[in-house]
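Step one of this worksheet: look at the structure below.
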Amino acid sequence: MSYLPPVLLSCHYANIFSVAHTGIFWDVNDFPLPCLNPRVVDEGIKSTLKLKGYTGSVSVWLYAKDETQIKKEYKEDYESLGFRICFEPKDTRDYRMTVDMLICAVDHGTSNLMVLAKDFKEKDAVYNIYRLHQREQNIFLAYKQQVEPRLDSTENPRWIYESLLKIESGQHINKKRRNIISFNPMPIEPQSPPRSSDHITHAIWDDHITHAIWDAVDSATLQDSKPVFFAANIDAFFIIRDLPPPNFTKVFADEDALPEHLITEYRGSNLLVDILPKGNRRSRIQKIAKFILFHALTHATELATLLVLSEDIQEDPLLKTVFQAVSSRGLKLIFQPPKSVLMSELYLDPQYRGWF
């Protein structure tokens with residue numbers, strides 16, 4: 001793992017983040033909306049950011065438990081100003097917020113991502129923020145992180161909220177305050193070498209990344225066939241399209257869909273099982289969304305194809321937004337019903353016997 005010299009980091013990152021897009025992820029349960037006209041809130045946020053040296057475009061997400069926390073007339077005004085409003089239960093807020101942070105990072109590349117929330121209880125969500133930090137996203141957290149100590153050195157963005165409270169109380173913002181660009185760069189991760197095949201050589205394989213995800217809501221299908229046959233059919237699906245087979249397939253399954261010994265068989269066939277709470281569609285959708293977005297971020301400069309095996313997730317509103325974001329960045333998505341691939345016996349085609 002390599003590090004850039006500190007002097008070069010200071011100049012390089014200060015220049016990048018000063019003009020980068022800023023995304024603000026604001027939980028109004030933790031930081032209530034001030035009693036101000038939405039236009040004043042919008043102008044106050046942007047002017048405060050400029051005073052701190054952040055001159056790029058700005059997006060704001062507001063998270064509330066229900067519609068009673070945002071007045072109806074204000075909701076319409078906020079939305080007309082470009083604010084995105086999410087009514088999200090407290091127990092899934094962490095996941096939804098990290099999905100939106102990922103969408104922002106995919107849409108804008110290197111960004112300033114400012115979290116106005118007092119706590120993140122889900123370890124998985126915190127780990128995703130850390131992974132964003134590793135990918136040169138400038139993270140700001142309004143609380144001290146207990147789960148991931150490596151995020152402790154991030155700056156607290158409460159100054160945005162406090163500037164709005166000053167406006168609410170009639171105070172003026174100090175426009176003579178010195179501009180300081182804050183950043184906490186992470187080590188640059190080494191790139192994995194291109195994967196080659198011992199059996200089939202194809203010119204485009206070295207430059208193309210493939211992955212697959214399987215939304216396995218049908219638990220009966222999971223146990224009816226050998227995992228190795230599922231994996232072979234997925235590999236064959238890519239090979240007949242002159243694409244390299246995926247390094248692995250991510251399987252999202254309910255917590256009681258698979259016995260432990262079968263999970264081990266799945267993993268041995270490069271089918272990595274992610275167990276989810278039974279019947280919790282919101283959690284399942286958000287985990288799938290995060291996987292797709294990280295795939296797009298990680299392989300932003302490469303040719304990449306993602307096979308999505310699902311009956312219905314492409315109709316979900318959140319995933320529609322995700323699909324639009326990653327498609328605009330060059331990620332090719334292929335949707336297929338699971339059984340059309342998993343039960344196809346594509347691997348039995350004689351021309352692929354050398355591979356399997």
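Just remember, in the structure tokens the first chain shown is A, the second B, etc., residues are 1-based per chain, and ligands are 1-based in the order shown.
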Please provide as JSON, numbers by chain all residues within 12 Å of Glu260 of chain A, with the sequence filter that same-chain residues fewer than 5 positions apart are discarded (counting only C-alpha atoms). {"A": [223, 255, 265, 266, 267, 273, 275]}
Could you name the residues that touch Glu67 of chain A at 12 Å or less, counting only C-alpha atoms, but leaving out those on the same chain fewer than 6 positions away, as a PyMOL selection string? chain A and resi 28-29+73-76+85-89
When you look at segment 106-119 of chain A with a cut-off of 8 Å (counting only C-alpha atoms), what residues show up, excluding the ones that are within fewer than 4 positions of it in the same chain? I need them as number ranges by chain. A: 16-17, 20-27, 30-31, 101-102, 136-143, 145, 157-158, 293, 296-297, 325-326, 329
For atom CA of Tyr130 of chain A and atom CA of Asp100 of chain A, determine how far apart the two atoms are, in Å to one decimal place.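 So the two atoms, atom CA of Tyr130 of chain A and atom CA of Asp100 of chain A, lie 14.8 Å apart.
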Could you jot down the atom CA of Ala231 of chain A to atom CA of Ser283 of chain A separation for me, Å, one decimal place?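 Value for the atom CA of Ala231 of chain A-atom CA of Ser283 of chain A distance: 25.0 Å.
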Residues within 8 Å of Ala236 of chain A, please, as a PyMOL selection string. Count only C-alpha atoms; anything in the same chain fewer than 3 positions from it doesn't count. chain A and resi 232-233+239-240+245+346-347+352
Selected residues written out, all heavy atoms, as a PDB file, in the first residue's frame:
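So selection.pdb came out as:
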ATOM      1  N   ALA A 232     -21.426 -22.627 -12.703  1.00  0.00           N
ATOM      2  CA  ALA A 232     -21.004 -22.968 -14.067  1.00  0.00           C
ATOM      3  C   ALA A 232     -21.909 -22.316 -15.101  1.00  0.00           C
ATOM      4  O   ALA A 232     -21.442 -21.826 -16.148  1.00  0.00           O
ATOM      5  CB  ALA A 232     -21.008 -24.480 -14.246  1.00  0.00           C
ATOM      6  N   ASN A 233     -23.211 -22.279 -14.843  1.00  0.00           N
ATOM      7  CA  ASN A 233     -24.136 -21.637 -15.775  1.00  0.00           C
ATOM      8  C   ASN A 233     -23.906 -20.127 -15.855  1.00  0.00           C
ATOM      9  O   ASN A 233     -24.009 -19.531 -16.928  1.00  0.00           O
ATOM     10  CB  ASN A 233     -25.582 -21.921 -15.362  1.00  0.00           C
ATOM     11  CG  ASN A 233     -26.057 -23.294 -15.799  1.00  0.00           C
ATOM     12  OD1 ASN A 233     -25.684 -23.763 -16.878  1.00  0.00           O
ATOM     13  ND2 ASN A 233     -26.862 -23.941 -14.974  1.00  0.00           N
ATOM     14  N   ILE A 239     -19.299 -16.271 -20.950  1.00  0.00           N
ATOM     15  CA  ILE A 239     -18.374 -16.776 -21.964  1.00  0.00           C
ATOM     16  C   ILE A 239     -19.007 -16.752 -23.359  1.00  0.00           C
ATOM     17  O   ILE A 239     -18.352 -16.388 -24.345  1.00  0.00           O
ATOM     18  CB  ILE A 239     -17.896 -18.200 -21.605  1.00  0.00           C
ATOM     19  CG1 ILE A 239     -17.039 -18.143 -20.336  1.00  0.00           C
ATOM     20  CG2 ILE A 239     -17.073 -18.807 -22.737  1.00  0.00           C
ATOM     21  CD1 ILE A 239     -16.741 -19.504 -19.742  1.00  0.00           C
ATOM     22  N   ILE A 240     -20.289 -17.113 -23.470  1.00  0.00           N
ATOM     23  CA  ILE A 240     -20.928 -17.117 -24.793  1.00  0.00           C
ATOM     24  C   ILE A 240     -21.096 -15.704 -25.334  1.00  0.00           C
ATOM     25  O   ILE A 240     -21.391 -15.523 -26.523  1.00  0.00           O
ATOM     26  CB  ILE A 240     -22.297 -17.833 -24.765  1.00  0.00           C
ATOM     27  CG1 ILE A 240     -23.278 -17.111 -23.855  1.00  0.00           C
ATOM     28  CG2 ILE A 240     -22.131 -19.283 -24.355  1.00  0.00           C
ATOM     29  CD1 ILE A 240     -24.678 -17.719 -23.861  1.00  0.00           C
ATOM     30  N   PRO A 245     -15.649 -14.773 -17.280  1.00  0.00           N
ATOM     31  CA  PRO A 245     -16.561 -15.119 -16.185  1.00  0.00           C
ATOM     32  C   PRO A 245     -16.249 -14.278 -14.954  1.00  0.00           C
ATOM     33  O   PRO A 245     -15.123 -13.813 -14.783  1.00  0.00           O
ATOM     34  CB  PRO A 245     -16.276 -16.604 -15.939  1.00  0.00           C
ATOM     35  CG  PRO A 245     -14.890 -16.811 -16.443  1.00  0.00           C
ATOM     36  CD  PRO A 245     -14.722 -15.877 -17.599  1.00  0.00           C
ATOM     37  N   LEU A 346     -26.259 -24.204 -19.594  1.00  0.00           N
ATOM     38  CA  LEU A 346     -25.373 -23.642 -20.618  1.00  0.00           C
ATOM     39  C   LEU A 346     -23.991 -24.283 -20.559  1.00  0.00           C
ATOM     40  O   LEU A 346     -23.315 -24.416 -21.583  1.00  0.00           O
ATOM     41  CB  LEU A 346     -25.235 -22.120 -20.401  1.00  0.00           C
ATOM     42  CG  LEU A 346     -26.456 -21.248 -20.720  1.00  0.00           C
ATOM     43  CD1 LEU A 346     -26.209 -19.827 -20.244  1.00  0.00           C
ATOM     44  CD2 LEU A 346     -26.754 -21.257 -22.208  1.00  0.00           C
ATOM     45  N   TYR A 347     -23.570 -24.664 -19.366  1.00  0.00           N
ATOM     46  CA  TYR A 347     -22.226 -25.213 -19.206  1.00  0.00           C
ATOM     47  C   TYR A 347     -22.057 -26.551 -19.915  1.00  0.00           C
ATOM     48  O   TYR A 347     -20.933 -27.032 -20.092  1.00  0.00           O
ATOM     49  CB  TYR A 347     -21.896 -25.371 -17.715  1.00  0.00           C
ATOM     50  CG  TYR A 347     -22.634 -26.495 -17.029  1.00  0.00           C
ATOM     51  CD1 TYR A 347     -22.049 -27.746 -16.884  1.00  0.00           C
ATOM     52  CD2 TYR A 347     -23.926 -26.303 -16.541  1.00  0.00           C
ATOM     53  CE1 TYR A 347     -22.730 -28.785 -16.264  1.00  0.00           C
ATOM     54  CE2 TYR A 347     -24.614 -27.336 -15.921  1.00  0.00           C
ATOM     55  CZ  TYR A 347     -24.008 -28.574 -15.786  1.00  0.00           C
ATOM     56  OH  TYR A 347     -24.691 -29.594 -15.171  1.00  0.00           O
ATOM     57  N   TYR A 352     -17.727 -25.491 -24.624  1.00  0.00           N
ATOM     58  CA  TYR A 352     -17.200 -24.941 -23.383  1.00  0.00           C
ATOM     59  C   TYR A 352     -16.653 -26.017 -22.456  1.00  0.00           C
ATOM     60  O   TYR A 352     -16.294 -25.736 -21.318  1.00  0.00           O
ATOM     61  CB  TYR A 352     -18.265 -24.110 -22.675  1.00  0.00           C
ATOM     62  CG  TYR A 352     -18.792 -23.019 -23.550  1.00  0.00           C
ATOM     63  CD1 TYR A 352     -20.124 -23.003 -23.922  1.00  0.00           C
ATOM     64  CD2 TYR A 352     -17.943 -22.050 -24.069  1.00  0.00           C
ATOM     65  CE1 TYR A 352     -20.622 -22.017 -24.759  1.00  0.00           C
ATOM     66  CE2 TYR A 352     -18.417 -21.065 -24.914  1.00  0.00           C
ATOM     67  CZ  TYR A 352     -19.755 -21.056 -25.265  1.00  0.00           C
ATOM     68  OH  TYR A 352     -20.221 -20.092 -26.106  1.00  0.00           O
TER      69      TYR A 352
END
By how many Å are atom CA of Val308 of chain A and atom CA of Lys250 of chain A apart?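 Value for the atom CA of Val308 of chain A-atom CA of Lys250 of chain A distance: 9.8 Å.
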Env of Ile288 of chain A: 9 Å cut, atoms = only C-alpha atoms, seq-sep filter 2 positions within chain, self excluded. Answer as an MDAnalysis selection string. chainID A and resid 213 215 252 283:286 290:293 319
Write the residues you've just listed into a file as a tab-separated table (two decimals), in the first residue's frame, and include all heavy atoms for each of them.
chain	number	residue	atom	x	y	z
A	213	ILE	N	-24.87	-10.62	-9.59
A	213	ILE	CA	-25.59	-10.66	-8.32
A	213	ILE	C	-26.87	-11.45	-8.53
A	213	ILE	O	-27.48	-11.41	-9.60
A	213	ILE	CB	-25.91	-9.25	-7.77
A	213	ILE	CG1	-26.81	-8.46	-8.73
A	213	ILE	CG2	-24.65	-8.48	-7.46
A	213	ILE	CD1	-27.29	-7.16	-8.14
A	215	ASP	N	-30.50	-12.11	-6.70
A	215	ASP	CA	-31.49	-11.76	-5.70
A	215	ASP	C	-32.31	-13.02	-5.42
A	215	ASP	O	-33.33	-13.28	-6.06
A	215	ASP	CB	-32.38	-10.64	-6.24
A	215	ASP	CG	-33.46	-10.22	-5.27
A	215	ASP	OD1	-33.29	-10.44	-4.07
A	215	ASP	OD2	-34.48	-9.68	-5.73
A	252	PHE	N	-27.88	-12.76	-2.49
A	252	PHE	CA	-28.61	-12.15	-1.38
A	252	PHE	C	-29.78	-13.07	-1.03
A	252	PHE	O	-30.69	-13.27	-1.84
A	252	PHE	CB	-29.12	-10.76	-1.77
A	252	PHE	CG	-28.01	-9.79	-2.06
A	252	PHE	CD1	-27.50	-9.65	-3.34
A	252	PHE	CD2	-27.44	-9.04	-1.04
A	252	PHE	CE1	-26.46	-8.76	-3.61
A	252	PHE	CE2	-26.41	-8.15	-1.30
A	252	PHE	CZ	-25.92	-8.01	-2.58
A	283	SER	N	-34.28	-3.66	3.40
A	283	SER	CA	-32.89	-3.97	3.68
A	283	SER	C	-32.23	-4.67	2.49
A	283	SER	O	-31.09	-4.36	2.13
A	283	SER	CB	-32.79	-4.85	4.93
A	283	SER	OG	-31.47	-5.26	5.16
A	284	ARG	N	-32.95	-5.58	1.88
A	284	ARG	CA	-32.41	-6.33	0.73
A	284	ARG	C	-32.12	-5.38	-0.44
A	284	ARG	O	-31.04	-5.42	-1.05
A	284	ARG	CB	-33.41	-7.40	0.30
A	284	ARG	CG	-33.00	-8.23	-0.89
A	284	ARG	CD	-33.89	-9.46	-1.03
A	284	ARG	NE	-35.29	-9.13	-1.13
A	284	ARG	CZ	-35.92	-8.89	-2.28
A	284	ARG	NH1	-35.25	-8.92	-3.41
A	284	ARG	NH2	-37.21	-8.61	-2.31
A	285	ILE	N	-33.07	-4.51	-0.75
A	285	ILE	CA	-32.90	-3.58	-1.85
A	285	ILE	C	-31.71	-2.65	-1.61
A	285	ILE	O	-30.90	-2.39	-2.50
A	285	ILE	CB	-34.19	-2.74	-2.06
A	285	ILE	CG1	-35.33	-3.63	-2.58
A	285	ILE	CG2	-33.94	-1.57	-3.00
A	285	ILE	CD1	-35.07	-4.24	-3.94
A	286	GLN	N	-31.57	-2.15	-0.38
A	286	GLN	CA	-30.49	-1.22	-0.08
A	286	GLN	C	-29.13	-1.90	-0.14
A	286	GLN	O	-28.15	-1.31	-0.61
A	286	GLN	CB	-30.73	-0.56	1.27
A	286	GLN	CG	-31.92	0.39	1.26
A	286	GLN	CD	-32.24	0.98	2.62
A	286	GLN	OE1	-31.73	0.54	3.64
A	286	GLN	NE2	-33.12	1.96	2.65
A	290	LYS	N	-26.10	-0.90	-2.74
A	290	LYS	CA	-24.73	-0.55	-2.33
A	290	LYS	C	-23.70	-1.39	-3.08
A	290	LYS	O	-22.66	-0.88	-3.50
A	290	LYS	CB	-24.58	-0.72	-0.82
A	290	LYS	CG	-25.24	0.39	-0.03
A	290	LYS	CD	-24.85	0.35	1.43
A	290	LYS	CE	-25.50	-0.79	2.15
A	290	LYS	NZ	-25.24	-0.76	3.61
A	291	PHE	N	-24.01	-2.67	-3.29
A	291	PHE	CA	-23.07	-3.51	-4.02
A	291	PHE	C	-22.89	-3.00	-5.45
A	291	PHE	O	-21.76	-2.89	-5.95
A	291	PHE	CB	-23.57	-4.96	-4.05
A	291	PHE	CG	-22.66	-5.89	-4.80
A	291	PHE	CD1	-21.57	-6.48	-4.17
A	291	PHE	CD2	-22.86	-6.16	-6.15
A	291	PHE	CE1	-20.71	-7.31	-4.87
A	291	PHE	CE2	-22.01	-6.99	-6.86
A	291	PHE	CZ	-20.93	-7.57	-6.21
A	292	ILE	N	-23.99	-2.66	-6.11
A	292	ILE	CA	-23.91	-2.17	-7.50
A	292	ILE	C	-23.14	-0.86	-7.57
A	292	ILE	O	-22.29	-0.66	-8.44
A	292	ILE	CB	-25.33	-2.00	-8.07
A	292	ILE	CG1	-26.02	-3.37	-8.21
A	292	ILE	CG2	-25.29	-1.29	-9.42
A	292	ILE	CD1	-27.49	-3.28	-8.57
A	293	LEU	N	-23.40	0.03	-6.63
A	293	LEU	CA	-22.74	1.35	-6.65
A	293	LEU	C	-21.25	1.23	-6.38
A	293	LEU	O	-20.43	1.89	-7.03
A	293	LEU	CB	-23.41	2.27	-5.63
A	293	LEU	CG	-24.81	2.75	-6.02
A	293	LEU	CD1	-25.55	3.28	-4.82
A	293	LEU	CD2	-24.72	3.82	-7.11
A	319	LEU	N	-33.76	1.49	-6.80
A	319	LEU	CA	-32.84	0.83	-7.71
A	319	LEU	C	-32.91	1.41	-9.12
A	319	LEU	O	-31.91	1.42	-9.83
A	319	LEU	CB	-33.12	-0.67	-7.73
A	319	LEU	CG	-32.60	-1.41	-6.50
A	319	LEU	CD1	-33.02	-2.87	-6.52
A	319	LEU	CD2	-31.08	-1.32	-6.41
Using only C-alpha atoms, which protein or nucleic acid residues come within 10 Å of Asp91 of chain A? Drop anything in the same chain fewer than 2 positions from it, and give the result as a ChimeraX atom specification. /A:65,88-89,93-96,121-122,283
